[in-house]
Protein chains: 2
Amino acid sequence: MALLRPENPQQARLVRLLRDDGPRSRVELGDALGLSRSTLTAELDRLVARGLVETAGPAASRGGRRSSMLRLAGGVRFASVVVAADRVGVAVTDGELRPLAEAGAPIDVRGGPEPVIARAVELVEKLRADLGVAEFTGVGVALPGSVDGGASVAPAVLPRWQRFPVRDAFATELGCPTLVDNDANVFALGEQHVGIGRTFDDFLFLKLGPAIGCGLILGGSLHRGATRSAGDIAHLPLDEDGPVCACGEVGCLEAYCGDAGLVRAALATARSGRSAPLAARLAETGTLTVPDIAATATAGDPATQALVRDTARRLGQALVGLVSFVNPGIVVIGGAPEGLGHVLLAEIRGVVYRRSAPLATGTMPIVLSDLADRAGLVGAARLVSEHVFSAG
Amino acid sequence: MALLRPENPQQARLVRLLRDDGPRSRVELGDALGLSRSTLTAELDRLVARGLVETAGPAASRGGRRSSMLRLAGGVRFASVVVAADRVGVAVTDGELRPLAEAGAPIDVRGGPEPVIARAVELVEKLRADLGVAEFTGVGVALPGSVDGGASVAPAVLPRWQRFPVRDAFATELGCPTLVDNDANVFALGEQHVGIGRTFDDFLFLKLGPAIGCGLILGGSLHRGATRSAGDIAHLPLDEDGPVCACGEVGCLEAYCGDAGLVRAALATARSGRSAPLAARLAETGTLTVPDIAATATAGDPATQALVRDTARRLGQALVGLVSFVNPGIVVIGGAPEGLGHVLLAEIRGVVYRRSAPLATGTMPIVLSDLADRAGLVGAARLVSEHVFSAG
């Protein structure tokens, strides 16, 4: 039997408050939601009966009769699945979205969805057995690139996944409500729950990597837009005669700044004779990778450093327009290649602070995410919790 | 005595519903807000006592006891002031934000704020006397360019207005709550109230003219951002070696597409010998204006048409990024020069539909505003009504 969802908006607000702020006394819950004592008692009793909330002992005395503490029930367990180009990560979290256990495995997304989903399910089932979880309250799944209707619609990033029913596959295998979204949105939700985004009502999460995207938290909620494609900036045109993008157009942000764009620029640099270390690496392995680029730049090769700064400058140019437009409180950047984050950040900051309206960016920090993969695992749990913790 | 504001969120929701949807029966109001009969009666009685709501006769029978109709009281009157570069427009509206009377006068904003404000107050006072309005519930003011703290912070557009306390000046002269915002935000509010934006939760209003800006309605509300500067896209960098902008940078959107940018491009075209009609006009009057450009393009001069298309193409490029980012349901363009709207629109559509993610723009209309100045007059009233119709 799947867990019961809240019955009404008051119950939904109560479980979300316990999810976001942890155990609270009856008095604190009543104060926070502006509910009368009788309404609060009735709704909490219903939530306890539905298996969503449990008592956690007496609260610290504030004088008078002691209030009891409440928390999300131990039976609330979410599963998270984060698919990257070469790895799938999974976790099982409690109701407050704390990972109780994590696992991961190398994959190749180019092999299509079936083997990746099978591997993810296997990892999740192993964690379920280890933790003794009877059933999951929900599972959240992050995919790179655009997602529509529970499936990938990013043929360049997930070539054999196009329109494959990822949501339905996980829902069938794991027998619980399942939500799928693009990784930029999912990571933004993770940053909102446990990252620096927690203290900002409006923030922008920029996801680098094979696919480039944004997650936009506005007024405390993920902004999805009219057709649920907000943040889809991969093909923002930067230049009318730039490199050809996997989408068929030229000069797209992702064609310059996605992993494939970085590698293409590095290959050109190696072959032009401008970088001896890159050329040596290419001769040795027959190709170049993003870690090769990071290592060469970090080792001090000027041509590779220039290439990285050029990428960052283009990311900064794109950000200037976006931050002027929505005026976020902070920009958080995730997915930067290991070792390159701070070089990218310095250059991005330079462009944004120099070219944006001072009213919009005078007090706007631009930072690297300090959560790494955990943002995705927590965010995927939050994604599905938003659904199961709404009035059913 | 200023009119009393709503006392609590229920009262605020009731007056906003009557503002947006017009007269409603008690039954309809109770249904729309989910209020019990006793709560509804109590809150409506309080609103009637505060002079905000009045009875408007019996409602059509739905069987059983007849319900009475309620509407915003006849004493609710807003004043609107819209400042443009060469004209100030004013109106007085009722509680549903319908203009009851309008007036306008030529001005020159370069003469500084005092004479413009004096002229606007004079026009408003004349309408007040004509209509027999005892006092205003509030006044909303629209200024071109960025506004912060009730004052202009757009030195290039309103050169002698920098930090002049426009809000305080109107509040003192008219003796009522006053709100000041930039014209793009105000026009977006007008489009939301009586324009095509009414049916969209998420839309983008693009304001052309001397200053270029956006108003962004997200989730049914004006999105202001972390430092209230959302939509401030005037200085979005399009090109690293474009024309010098009034802000000191180069290649800004406004430097290309603002009125001054259009005129600069037309002067260059005239002087280069590429357009005989523009050169003739320049020789005749010693300068060129936006109406000159519109007339020459409309008359079929290829060089002037190319110039207009080039401007539109740059607007389209800027829009591609913005619509991918926030995924609005519709884009509404206002302030296009008389006679040029449809040429601009066709070119903007071409660029946006060709270069945006199909998921974001496949069903997204791009249209010209059909409200013209009325969007500003209604929007300014809505701006201040949002304030006075919130719980005081």
# chains A, B, ... in the order shown; residues from 1 in each chain; ligands from 1
call {"tool": "interface_residues", "arguments": {"of": "chain A", "to": "chain B", "cutoff": "8 Å", "atoms": "only C-alpha atoms", "output": "PDB file with all heavy atoms, in the first residue's frame"}}
result
ATOM      1  N   ASP A 201      15.156  33.803  -1.407  1.00  0.00           N
ATOM      2  CA  ASP A 201      13.867  33.545  -2.041  1.00  0.00           C
ATOM      3  C   ASP A 201      13.998  33.405  -3.550  1.00  0.00           C
ATOM      4  O   ASP A 201      13.231  32.691  -4.181  1.00  0.00           O
ATOM      5  CB  ASP A 201      12.896  34.701  -1.761  1.00  0.00           C
ATOM      6  CG  ASP A 201      12.173  34.514  -0.458  1.00  0.00           C
ATOM      7  OD1 ASP A 201      12.235  33.403   0.096  1.00  0.00           O
ATOM      8  OD2 ASP A 201      11.558  35.479   0.009  1.00  0.00           O
ATOM      9  N   ASP A 202      14.940  34.162  -4.120  1.00  0.00           N
ATOM     10  CA  ASP A 202      15.137  34.167  -5.572  1.00  0.00           C
ATOM     11  C   ASP A 202      16.587  33.807  -5.848  1.00  0.00           C
ATOM     12  O   ASP A 202      17.485  34.560  -5.471  1.00  0.00           O
ATOM     13  CB  ASP A 202      14.891  35.571  -6.154  1.00  0.00           C
ATOM     14  CG  ASP A 202      13.462  36.043  -5.953  1.00  0.00           C
ATOM     15  OD1 ASP A 202      12.540  35.282  -6.268  1.00  0.00           O
ATOM     16  OD2 ASP A 202      13.267  37.183  -5.484  1.00  0.00           O
ATOM     17  N   CYS A 214      19.756  25.918 -16.411  1.00  0.00           N
ATOM     18  CA  CYS A 214      19.530  26.720 -15.218  1.00  0.00           C
ATOM     19  C   CYS A 214      18.344  26.181 -14.447  1.00  0.00           C
ATOM     20  O   CYS A 214      17.357  25.767 -15.053  1.00  0.00           O
ATOM     21  CB  CYS A 214      19.120  28.140 -15.602  1.00  0.00           C
ATOM     22  SG  CYS A 214      20.451  29.260 -15.755  1.00  0.00           S
ATOM     23  N   HIS A 223      10.667  27.841 -10.483  1.00  0.00           N
ATOM     24  CA  HIS A 223       9.884  28.460 -11.560  1.00  0.00           C
ATOM     25  C   HIS A 223       9.979  27.577 -12.798  1.00  0.00           C
ATOM     26  O   HIS A 223      11.059  27.364 -13.327  1.00  0.00           O
ATOM     27  CB  HIS A 223      10.416  29.856 -11.869  1.00  0.00           C
ATOM     28  CG  HIS A 223       9.769  30.469 -13.070  1.00  0.00           C
ATOM     29  ND1 HIS A 223       8.466  30.918 -13.059  1.00  0.00           N
ATOM     30  CD2 HIS A 223      10.205  30.655 -14.331  1.00  0.00           C
ATOM     31  CE1 HIS A 223       8.155  31.370 -14.256  1.00  0.00           C
ATOM     32  NE2 HIS A 223       9.195  31.215 -15.043  1.00  0.00           N
ATOM     33  N   ARG A 224       8.828  27.096 -13.265  1.00  0.00           N
ATOM     34  CA  ARG A 224       8.844  26.152 -14.387  1.00  0.00           C
ATOM     35  C   ARG A 224       8.425  26.785 -15.710  1.00  0.00           C
ATOM     36  O   ARG A 224       8.764  26.272 -16.761  1.00  0.00           O
ATOM     37  CB  ARG A 224       7.927  24.971 -14.105  1.00  0.00           C
ATOM     38  CG  ARG A 224       8.389  24.139 -12.926  1.00  0.00           C
ATOM     39  CD  ARG A 224       7.580  22.876 -12.808  1.00  0.00           C
ATOM     40  NE  ARG A 224       8.048  22.054 -11.723  1.00  0.00           N
ATOM     41  CZ  ARG A 224       9.084  21.225 -11.816  1.00  0.00           C
ATOM     42  NH1 ARG A 224       9.727  21.113 -12.945  1.00  0.00           N
ATOM     43  NH2 ARG A 224       9.462  20.523 -10.772  1.00  0.00           N
ATOM     44  N   GLY A 225       7.681  27.877 -15.646  1.00  0.00           N
ATOM     45  CA  GLY A 225       7.288  28.547 -16.875  1.00  0.00           C
ATOM     46  C   GLY A 225       6.053  27.954 -17.509  1.00  0.00           C
ATOM     47  O   GLY A 225       5.500  26.960 -17.037  1.00  0.00           O
ATOM     48  N   ALA A 226       5.627  28.591 -18.599  1.00  0.00           N
ATOM     49  CA  ALA A 226       4.343  28.274 -19.223  1.00  0.00           C
ATOM     50  C   ALA A 226       4.314  26.860 -19.786  1.00  0.00           C
ATOM     51  O   ALA A 226       3.280  26.195 -19.756  1.00  0.00           O
ATOM     52  CB  ALA A 226       4.041  29.288 -20.321  1.00  0.00           C
ATOM     53  N   THR A 227       5.435  26.391 -20.326  1.00  0.00           N
ATOM     54  CA  THR A 227       5.455  25.031 -20.878  1.00  0.00           C
ATOM     55  C   THR A 227       6.520  24.195 -20.165  1.00  0.00           C
ATOM     56  O   THR A 227       7.082  23.272 -20.744  1.00  0.00           O
ATOM     57  CB  THR A 227       5.722  25.042 -22.402  1.00  0.00           C
ATOM     58  OG1 THR A 227       6.953  25.738 -22.656  1.00  0.00           O
ATOM     59  CG2 THR A 227       4.606  25.747 -23.143  1.00  0.00           C
ATOM     60  N   ARG A 228       6.778  24.540 -18.911  1.00  0.00           N
ATOM     61  CA  ARG A 228       7.694  23.795 -18.044  1.00  0.00           C
ATOM     62  C   ARG A 228       9.104  23.712 -18.614  1.00  0.00           C
ATOM     63  O   ARG A 228       9.818  22.742 -18.341  1.00  0.00           O
ATOM     64  CB  ARG A 228       7.150  22.384 -17.763  1.00  0.00           C
ATOM     65  CG  ARG A 228       5.762  22.408 -17.112  1.00  0.00           C
ATOM     66  CD  ARG A 228       5.197  21.021 -16.901  1.00  0.00           C
ATOM     67  NE  ARG A 228       5.910  20.275 -15.871  1.00  0.00           N
ATOM     68  CZ  ARG A 228       5.715  20.417 -14.562  1.00  0.00           C
ATOM     69  NH1 ARG A 228       4.833  21.283 -14.119  1.00  0.00           N
ATOM     70  NH2 ARG A 228       6.395  19.702 -13.709  1.00  0.00           N
ATOM     71  N   SER A 229       9.525  24.694 -19.390  1.00  0.00           N
ATOM     72  CA  SER A 229      10.875  24.640 -19.935  1.00  0.00           C
ATOM     73  C   SER A 229      11.740  25.808 -19.487  1.00  0.00           C
ATOM     74  O   SER A 229      12.786  26.074 -20.078  1.00  0.00           O
ATOM     75  CB  SER A 229      10.831  24.560 -21.455  1.00  0.00           C
ATOM     76  OG  SER A 229      10.471  25.808 -21.982  1.00  0.00           O
ATOM     77  N   ALA A 230      11.322  26.509 -18.437  1.00  0.00           N
ATOM     78  CA  ALA A 230      12.143  27.622 -17.939  1.00  0.00           C
ATOM     79  C   ALA A 230      13.531  27.119 -17.567  1.00  0.00           C
ATOM     80  O   ALA A 230      13.682  26.000 -17.087  1.00  0.00           O
ATOM     81  CB  ALA A 230      11.470  28.265 -16.730  1.00  0.00           C
ATOM     82  N   GLY A 231      14.525  27.950 -17.795  1.00  0.00           N
ATOM     83  CA  GLY A 231      15.903  27.588 -17.459  1.00  0.00           C
ATOM     84  C   GLY A 231      16.641  26.873 -18.573  1.00  0.00           C
ATOM     85  O   GLY A 231      17.819  26.571 -18.448  1.00  0.00           O
ATOM     86  N   ASP A 232      15.944  26.637 -19.657  1.00  0.00           N
ATOM     87  CA  ASP A 232      16.522  25.868 -20.763  1.00  0.00           C
ATOM     88  C   ASP A 232      17.365  26.798 -21.649  1.00  0.00           C
ATOM     89  O   ASP A 232      16.948  27.197 -22.735  1.00  0.00           O
ATOM     90  CB  ASP A 232      15.372  25.253 -21.558  1.00  0.00           C
ATOM     91  CG  ASP A 232      15.865  24.200 -22.522  1.00  0.00           C
ATOM     92  OD1 ASP A 232      17.089  23.987 -22.581  1.00  0.00           O
ATOM     93  OD2 ASP A 232      15.026  23.625 -23.219  1.00  0.00           O
ATOM     94  N   ILE A 233      18.561  27.109 -21.169  1.00  0.00           N
ATOM     95  CA  ILE A 233      19.389  28.121 -21.827  1.00  0.00           C
ATOM     96  C   ILE A 233      20.486  27.519 -22.694  1.00  0.00           C
ATOM     97  O   ILE A 233      21.356  28.240 -23.187  1.00  0.00           O
ATOM     98  CB  ILE A 233      20.032  29.062 -20.789  1.00  0.00           C
ATOM     99  CG1 ILE A 233      20.897  28.246 -19.811  1.00  0.00           C
ATOM    100  CG2 ILE A 233      18.961  29.844 -20.027  1.00  0.00           C
ATOM    101  CD1 ILE A 233      21.828  29.098 -18.978  1.00  0.00           C
ATOM    102  N   HIS A 235      20.679  26.528 -25.628  1.00  0.00           N
ATOM    103  CA  HIS A 235      20.810  26.949 -27.022  1.00  0.00           C
ATOM    104  C   HIS A 235      20.606  28.447 -27.202  1.00  0.00           C
ATOM    105  O   HIS A 235      20.225  28.927 -28.267  1.00  0.00           O
ATOM    106  CB  HIS A 235      19.903  26.088 -27.895  1.00  0.00           C
ATOM    107  CG  HIS A 235      20.209  24.637 -27.701  1.00  0.00           C
ATOM    108  ND1 HIS A 235      21.378  24.086 -28.161  1.00  0.00           N
ATOM    109  CD2 HIS A 235      19.578  23.677 -26.997  1.00  0.00           C
ATOM    110  CE1 HIS A 235      21.430  22.807 -27.773  1.00  0.00           C
ATOM    111  NE2 HIS A 235      20.346  22.545 -27.061  1.00  0.00           N
ATOM    112  N   LEU A 236      20.895  29.161 -26.146  1.00  0.00           N
ATOM    113  CA  LEU A 236      20.923  30.610 -26.195  1.00  0.00           C
ATOM    114  C   LEU A 236      22.009  31.012 -27.199  1.00  0.00           C
ATOM    115  O   LEU A 236      23.156  30.591 -27.092  1.00  0.00           O
ATOM    116  CB  LEU A 236      21.288  31.065 -24.787  1.00  0.00           C
ATOM    117  CG  LEU A 236      20.965  32.461 -24.331  1.00  0.00           C
ATOM    118  CD1 LEU A 236      20.809  32.440 -22.812  1.00  0.00           C
ATOM    119  CD2 LEU A 236      22.046  33.417 -24.720  1.00  0.00           C
ATOM    120  N   PRO A 237      21.658  31.807 -28.221  1.00  0.00           N
ATOM    121  CA  PRO A 237      22.651  32.146 -29.250  1.00  0.00           C
ATOM    122  C   PRO A 237      23.614  33.231 -28.760  1.00  0.00           C
ATOM    123  O   PRO A 237      23.189  34.304 -28.372  1.00  0.00           O
ATOM    124  CB  PRO A 237      21.794  32.668 -30.408  1.00  0.00           C
ATOM    125  CG  PRO A 237      20.496  33.090 -29.799  1.00  0.00           C
ATOM    126  CD  PRO A 237      20.335  32.370 -28.500  1.00  0.00           C
ATOM    127  N   GLU A 249      22.011  24.364 -34.849  1.00  0.00           N
ATOM    128  CA  GLU A 249      22.257  25.797 -34.982  1.00  0.00           C
ATOM    129  C   GLU A 249      23.741  26.096 -34.766  1.00  0.00           C
ATOM    130  O   GLU A 249      24.529  25.193 -34.481  1.00  0.00           O
ATOM    131  CB  GLU A 249      21.404  26.557 -33.952  1.00  0.00           C
ATOM    132  CG  GLU A 249      19.969  26.805 -34.402  1.00  0.00           C
ATOM    133  CD  GLU A 249      19.899  27.829 -35.536  1.00  0.00           C
ATOM    134  OE1 GLU A 249      20.919  28.468 -35.851  1.00  0.00           O
ATOM    135  OE2 GLU A 249      18.802  27.972 -36.107  1.00  0.00           O
ATOM    136  N   GLN A 317      28.839  36.350 -20.126  1.00  0.00           N
ATOM    137  CA  GLN A 317      28.003  37.166 -21.029  1.00  0.00           C
ATOM    138  C   GLN A 317      26.554  36.710 -20.975  1.00  0.00           C
ATOM    139  O   GLN A 317      25.621  37.511 -20.936  1.00  0.00           O
ATOM    140  CB  GLN A 317      28.493  37.031 -22.472  1.00  0.00           C
ATOM    141  CG  GLN A 317      29.705  37.863 -22.790  1.00  0.00           C
ATOM    142  CD  GLN A 317      30.269  37.520 -24.167  1.00  0.00           C
ATOM    143  OE1 GLN A 317      29.843  36.557 -24.801  1.00  0.00           O
ATOM    144  NE2 GLN A 317      31.213  38.313 -24.615  1.00  0.00           N
ATOM    145  N   VAL A 320      24.908  37.781 -17.690  1.00  0.00           N
ATOM    146  CA  VAL A 320      24.611  39.212 -17.553  1.00  0.00           C
ATOM    147  C   VAL A 320      23.151  39.483 -17.917  1.00  0.00           C
ATOM    148  O   VAL A 320      22.413  40.138 -17.185  1.00  0.00           O
ATOM    149  CB  VAL A 320      25.538  40.063 -18.449  1.00  0.00           C
ATOM    150  CG1 VAL A 320      25.029  41.488 -18.547  1.00  0.00           C
ATOM    151  CG2 VAL A 320      26.952  40.058 -17.897  1.00  0.00           C
ATOM    152  N   GLY A 321      22.727  38.944 -19.057  1.00  0.00           N
ATOM    153  CA  GLY A 321      21.347  39.154 -19.483  1.00  0.00           C
ATOM    154  C   GLY A 321      20.360  38.506 -18.519  1.00  0.00           C
ATOM    155  O   GLY A 321      19.357  39.105 -18.144  1.00  0.00           O
ATOM    156  N   LEU A 322      20.680  37.296 -18.098  1.00  0.00           N
ATOM    157  CA  LEU A 322      19.746  36.555 -17.258  1.00  0.00           C
ATOM    158  C   LEU A 322      19.573  37.206 -15.893  1.00  0.00           C
ATOM    159  O   LEU A 322      18.454  37.338 -15.393  1.00  0.00           O
ATOM    160  CB  LEU A 322      20.222  35.107 -17.113  1.00  0.00           C
ATOM    161  CG  LEU A 322      20.483  34.370 -18.435  1.00  0.00           C
ATOM    162  CD1 LEU A 322      20.883  32.925 -18.176  1.00  0.00           C
ATOM    163  CD2 LEU A 322      19.279  34.425 -19.359  1.00  0.00           C
ATOM    164  N   VAL A 323      20.677  37.664 -15.292  1.00  0.00           N
ATOM    165  CA  VAL A 323      20.530  38.265 -13.963  1.00  0.00           C
ATOM    166  C   VAL A 323      19.883  39.657 -14.048  1.00  0.00           C
ATOM    167  O   VAL A 323      19.147  40.042 -13.142  1.00  0.00           O
ATOM    168  CB  VAL A 323      21.860  38.316 -13.167  1.00  0.00           C
ATOM    169  CG1 VAL A 323      22.437  36.931 -12.985  1.00  0.00           C
ATOM    170  CG2 VAL A 323      22.861  39.250 -13.792  1.00  0.00           C
ATOM    171  N   SER A 324      20.130  40.385 -15.136  1.00  0.00           N
ATOM    172  CA  SER A 324      19.434  41.672 -15.282  1.00  0.00           C
ATOM    173  C   SER A 324      17.934  41.431 -15.389  1.00  0.00           C
ATOM    174  O   SER A 324      17.127  42.209 -14.896  1.00  0.00           O
ATOM    175  CB  SER A 324      19.886  42.391 -16.557  1.00  0.00           C
ATOM    176  OG  SER A 324      21.272  42.555 -16.575  1.00  0.00           O
ATOM    177  N   PHE A 325      17.587  40.351 -16.049  1.00  0.00           N
ATOM    178  CA  PHE A 325      16.181  40.072 -16.354  1.00  0.00           C
ATOM    179  C   PHE A 325      15.402  39.649 -15.108  1.00  0.00           C
ATOM    180  O   PHE A 325      14.326  40.165 -14.843  1.00  0.00           O
ATOM    181  CB  PHE A 325      16.156  38.977 -17.407  1.00  0.00           C
ATOM    182  CG  PHE A 325      14.830  38.732 -18.030  1.00  0.00           C
ATOM    183  CD1 PHE A 325      14.000  39.766 -18.409  1.00  0.00           C
ATOM    184  CD2 PHE A 325      14.414  37.430 -18.267  1.00  0.00           C
ATOM    185  CE1 PHE A 325      12.775  39.512 -19.010  1.00  0.00           C
ATOM    186  CE2 PHE A 325      13.201  37.176 -18.864  1.00  0.00           C
ATOM    187  CZ  PHE A 325      12.380  38.218 -19.235  1.00  0.00           C
ATOM    188  N   VAL A 326      15.938  38.690 -14.327  1.00  0.00           N
ATOM    189  CA  VAL A 326      15.162  38.218 -13.174  1.00  0.00           C
ATOM    190  C   VAL A 326      15.697  38.690 -11.834  1.00  0.00           C
ATOM    191  O   VAL A 326      15.026  38.494 -10.828  1.00  0.00           O
ATOM    192  CB  VAL A 326      14.994  36.682 -13.125  1.00  0.00           C
ATOM    193  CG1 VAL A 326      14.370  36.162 -14.389  1.00  0.00           C
ATOM    194  CG2 VAL A 326      16.293  35.997 -12.833  1.00  0.00           C
ATOM    195  N   ASN A 327      16.896  39.304 -11.822  1.00  0.00           N
ATOM    196  CA  ASN A 327      17.383  39.911 -10.586  1.00  0.00           C
ATOM    197  C   ASN A 327      17.366  38.948  -9.394  1.00  0.00           C
ATOM    198  O   ASN A 327      16.705  39.191  -8.381  1.00  0.00           O
ATOM    199  CB  ASN A 327      16.518  41.162 -10.290  1.00  0.00           C
ATOM    200  CG  ASN A 327      17.015  42.001  -9.118  1.00  0.00           C
ATOM    201  OD1 ASN A 327      16.225  42.684  -8.485  1.00  0.00           O
ATOM    202  ND2 ASN A 327      18.282  41.954  -8.810  1.00  0.00           N
ATOM    203  N   PRO A 328      18.124  37.834  -9.521  1.00  0.00           N
ATOM    204  CA  PRO A 328      18.158  36.886  -8.402  1.00  0.00           C
ATOM    205  C   PRO A 328      18.992  37.417  -7.245  1.00  0.00           C
ATOM    206  O   PRO A 328      19.800  38.329  -7.420  1.00  0.00           O
ATOM    207  CB  PRO A 328      18.823  35.651  -9.021  1.00  0.00           C
ATOM    208  CG  PRO A 328      19.704  36.208 -10.091  1.00  0.00           C
ATOM    209  CD  PRO A 328      18.981  37.413 -10.642  1.00  0.00           C
ATOM    210  N   GLY A 329      18.819  36.816  -6.062  1.00  0.00           N
ATOM    211  CA  GLY A 329      19.601  37.222  -4.901  1.00  0.00           C
ATOM    212  C   GLY A 329      21.003  36.651  -4.907  1.00  0.00           C
ATOM    213  O   GLY A 329      21.911  37.206  -4.284  1.00  0.00           O
ATOM    214  N   ARG A 355      29.557  44.172 -16.409  1.00  0.00           N
ATOM    215  CA  ARG A 355      28.575  44.491 -17.430  1.00  0.00           C
ATOM    216  C   ARG A 355      27.120  44.543 -16.961  1.00  0.00           C
ATOM    217  O   ARG A 355      26.231  44.836 -17.747  1.00  0.00           O
ATOM    218  CB  ARG A 355      28.678  43.501 -18.602  1.00  0.00           C
ATOM    219  CG  ARG A 355      29.842  43.749 -19.548  1.00  0.00           C
ATOM    220  CD  ARG A 355      29.943  45.183 -20.040  1.00  0.00           C
ATOM    221  NE  ARG A 355      28.768  45.692 -20.734  1.00  0.00           N
ATOM    222  CZ  ARG A 355      28.662  45.842 -22.031  1.00  0.00           C
ATOM    223  NH1 ARG A 355      29.649  45.467 -22.814  1.00  0.00           N
ATOM    224  NH2 ARG A 355      27.590  46.354 -22.574  1.00  0.00           N
ATOM    225  N   SER A 356      26.832  44.195 -15.720  1.00  0.00           N
ATOM    226  CA  SER A 356      25.425  44.208 -15.300  1.00  0.00           C
ATOM    227  C   SER A 356      25.050  45.545 -14.685  1.00  0.00           C
ATOM    228  O   SER A 356      25.908  46.288 -14.227  1.00  0.00           O
ATOM    229  CB  SER A 356      25.156  43.123 -14.269  1.00  0.00           C
ATOM    230  OG  SER A 356      25.548  41.884 -14.744  1.00  0.00           O
ATOM    231  N   ALA A 357      23.746  45.798 -14.643  1.00  0.00           N
ATOM    232  CA  ALA A 357      23.244  46.984 -13.965  1.00  0.00           C
ATOM    233  C   ALA A 357      23.627  46.892 -12.492  1.00  0.00           C
ATOM    234  O   ALA A 357      23.372  45.881 -11.853  1.00  0.00           O
ATOM    235  CB  ALA A 357      21.734  47.055 -14.117  1.00  0.00           C
ATOM    236  N   LEU A 359      22.337  48.092  -9.939  1.00  0.00           N
ATOM    237  CA  LEU A 359      21.170  47.873  -9.088  1.00  0.00           C
ATOM    238  C   LEU A 359      20.909  46.383  -8.919  1.00  0.00           C
ATOM    239  O   LEU A 359      20.499  45.919  -7.855  1.00  0.00           O
ATOM    240  CB  LEU A 359      19.959  48.537  -9.749  1.00  0.00           C
ATOM    241  CG  LEU A 359      18.858  49.076  -8.854  1.00  0.00           C
ATOM    242  CD1 LEU A 359      19.389  50.093  -7.880  1.00  0.00           C
ATOM    243  CD2 LEU A 359      17.763  49.711  -9.710  1.00  0.00           C
ATOM    244  N   ALA A 360      21.150  45.602  -9.997  1.00  0.00           N
ATOM    245  CA  ALA A 360      20.831  44.177  -9.954  1.00  0.00           C
ATOM    246  C   ALA A 360      21.941  43.362  -9.314  1.00  0.00           C
ATOM    247  O   ALA A 360      21.689  42.368  -8.654  1.00  0.00           O
ATOM    248  CB  ALA A 360      20.561  43.658 -11.367  1.00  0.00           C
TER     249      ALA A 360
END
call {"tool": "residues_around", "arguments": {"residues": "B:Val141", "least_positions_apart": "5", "cutoff": "8 Å", "atoms": "only C-alpha atoms", "output": "ChimeraX atom specification"}}
result
/B:80-83,167,178-181,380
call {"tool": "residues_around", "arguments": {"residues": "A:Gly75", "least_positions_apart": "2", "cutoff": "8 Å", "atoms": "only C-alpha atoms", "output": "VMD selection string"}}
result
chain A and resid 51 to 52 73 77 133 to 134
call {"tool": "closest_residue", "arguments": {"among": "B:Asp21, B:Glu122, B:Asp373, B:Asp292", "to": "B:Val263", "atoms": "only C-alpha atoms"}}
result
B:Asp292
call {"tool": "residues_around", "arguments": {"residues": "stretch 295-301 of chain B", "least_positions_apart": "5", "cutoff": "10 Å", "atoms": "only C-alpha atoms", "output": "list in words"}}
result
Arg274, Ser275, Ala276, Pro277, Leu278, Arg281, Thr289, Val290, Ala306, Leu307, Val308, Glu338, Gly339, Leu340 and Val343 of chain B
call {"tool": "closest_residue", "arguments": {"among": "A:Ser272, A:Ser67, A:Leu288, A:Ala105", "to": "A:Arg37", "atoms": "only C-alpha atoms"}}
result
A:Ser67
